[in-house]
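Peer 1: Structure incoming, see below.
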Amino acid sequence: MKESILKHQSGEPLEICIKGQKIGRSHFTMIAGPCTIENYEDLHTVAVELKKMGIHFFRGGAYKMRTSPYNFQGLGKTGLEYIKKVADETGMISVSEVVSVEDVEMIKEYVDILQVGTRNMSNYRLLLKLGKVKNPVIIKRGFSSTIEEWLLAAEHVIEAGNPNVILCERGIRTYETYTRYTLDISAVPAIKELSNLPIIVDPSHSSGRREMIKSLSWAAVAAGADGLLIETHFSPDNTVCDSKQTIDLEILKDIIKGNNKLLNLWNKN
């Protein structure tokens, strides 16, 4: 990649500060929670359990982009109200996906960190709009996108005025069918070489298999990832969306124990 392609992603590693927490190369960020918000009670229960583990960030989808139009599409604004209520009650930091340009102004008032999903990585109008807000933005890699295209998606947000961008490797489409996608673990050191942005990994979407989440999480930490984004629920088999790739709270506790050993490799807090 020619250095001139990227205008904003050089120099000292970016450190994002939000609600007293830091995201960056010197810190490790755990983000966990349900794929989709189904009701307030379940979201609150999961968030409280995460907080007990020392996790400060919780995720939950209010709007869902589904391949099939017949699958659950999310609770919409009601889900956003639940997110904000849980964040206010627990003091945690919320993460949720924004799926359209029209929703940005509304969602930014309910959610702390806005996520761009894999299908929207190349939605340049959406990226431009996100460059006009102050909320940090997570950009998931497009499932058929090169690292260069991914970095340039981040440039759209930064160039528009929002420097607080976090990259998320979530697997790319290959000819393999055993897993949902193929986790490109090499993207972690590649991003660290090419960019100053934080890089986190989503082992849930990249595998689509609950039994693989622990191994892939540890592999990501060993590779130097700055955080993990994991779908978690107290009763995964009863969730309405992505049950097979959602882990329970006990598996998450095991992952955290392993992380604490691996993080010493990179001197992360």
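Starting from 1 in every chain, residues are counted up; chains themselves are A, B, ... following the order of the structure tokens, and ligands are numbered from 1 as listed.
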Running DSSP on the backbone, which parts of segment 80-230 of chain A land in strand (DSSP E or B), as a list of chain:residue names?
Peer 2: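 Written out, the strand (DSSP E or B) residues of segment 80-230 of chain A are A:Ile93, A:Ser94, A:Val95, A:Ser96, A:Glu97, A:Ile113, A:Leu114, A:Gln115, A:Val116, A:Val137, A:Ile138, A:Ile139, A:Lys140, A:Val165, A:Ile166, A:Leu167, A:Cys168, A:Glu169, A:Ile172, A:Thr182, A:Ile199, A:Ile200, A:Val201, A:Gly227, A:Leu228, A:Leu229, A:Ile230.
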Peer 1: Could you name the residues that touch Lys7 of chain A at 10 Å or less, counting only C-alpha atoms, but leaving out those on the same chain fewer than 4 positions away, as JSON, numbers by chain?
Peer 2: {"A": [3, 152, 155, 158, 159]}
Peer 1: Got time to write the residues from that selection, N, CA and C atoms, as a compact mmCIF listing (two decimals), in the first residue's frame?
Peer 2:
```txt
# COMPACT_ATOMS: atom_id res chain seq x y z
N GLU A 3 2.01 4.86 0.90
CA GLU A 3 1.78 5.66 2.08
C GLU A 3 0.87 6.86 1.79
N LEU A 152 -9.40 2.82 3.95
CA LEU A 152 -9.94 3.99 3.25
C LEU A 152 -11.36 4.32 3.73
N GLU A 155 -10.81 6.43 6.53
CA GLU A 155 -10.40 7.77 6.07
C GLU A 155 -11.62 8.64 5.78
N ILE A 158 -12.76 10.00 9.16
CA ILE A 158 -11.77 10.91 9.74
C ILE A 158 -11.70 12.21 8.93
N GLU A 159 -11.67 12.08 7.63
CA GLU A 159 -11.60 13.27 6.76
C GLU A 159 -12.81 14.17 6.95
```
Peer 1: Mind dumping a table of every segment 36-96 of chain A residue within 10 Å of segment 22-32 of chain A, with the nearest atom pair and its distance in Å to one decimal, using only C-alpha atoms, sorted by chain and rising number, as JSON lines?
Peer 2:
```
{"residue": "A:Val46", "atom": "CA", "partner": "A:Ala32", "partner_atom": "CA", "distance": 8.9}
{"residue": "A:Ala47", "atom": "CA", "partner": "A:Ala32", "partner_atom": "CA", "distance": 8.5}
{"residue": "A:Leu50", "atom": "CA", "partner": "A:Ala32", "partner_atom": "CA", "distance": 7.5}
{"residue": "A:Gly54", "atom": "CA", "partner": "A:Met30", "partner_atom": "CA", "distance": 9.1}
{"residue": "A:Ile55", "atom": "CA", "partner": "A:Met30", "partner_atom": "CA", "distance": 6.1}
{"residue": "A:His56", "atom": "CA", "partner": "A:Met30", "partner_atom": "CA", "distance": 7.4}
{"residue": "A:Phe57", "atom": "CA", "partner": "A:Ile31", "partner_atom": "CA", "distance": 4.8}
{"residue": "A:Phe58", "atom": "CA", "partner": "A:Ala32", "partner_atom": "CA", "distance": 5.0}
{"residue": "A:Arg59", "atom": "CA", "partner": "A:Ala32", "partner_atom": "CA", "distance": 5.6}
{"residue": "A:Gly60", "atom": "CA", "partner": "A:Ala32", "partner_atom": "CA", "distance": 8.4}
{"residue": "A:Ile93", "atom": "CA", "partner": "A:Ile31", "partner_atom": "CA", "distance": 9.1}
{"residue": "A:Ser94", "atom": "CA", "partner": "A:Ile31", "partner_atom": "CA", "distance": 8.9}
{"residue": "A:Val95", "atom": "CA", "partner": "A:Ile31", "partner_atom": "CA", "distance": 8.0}
```
Peer 1: Please list as a PyMOL selection string every residue within 9 Å of Cys168 of chain A, counting only C-alpha atoms and excluding residues in the same chain fewer than 6 positions away.
Peer 2: chain A and resi 138-141+198-202+227-229
Peer 1: Restrict the selected residues to C-alpha atoms and save them as a compact mmCIF listing (two decimals), in the first residue's frame.
Peer 2:
```txt
# COMPACT_ATOMS: atom_id res chain seq x y z
CA ILE A 138 -16.40 1.11 15.08
CA ILE A 139 -15.99 0.13 11.42
CA LYS A 140 -16.31 -3.58 10.74
CA ARG A 141 -14.35 -4.89 7.78
CA PRO A 198 -7.16 0.68 17.42
CA ILE A 199 -7.96 -2.78 16.04
CA ILE A 200 -10.42 -5.14 17.73
CA VAL A 201 -11.62 -8.60 16.66
CA ASP A 202 -15.10 -10.14 16.48
CA GLY A 227 -9.98 -5.62 22.12
CA LEU A 228 -12.70 -8.20 21.47
CA LEU A 229 -16.34 -7.84 20.44
```
Peer 1: When you draw a straight line from atom CA of Ala160 of chain A to atom CA of Tyr63 of chain A, how long is it in Å?
Peer 2: 24.3 Å
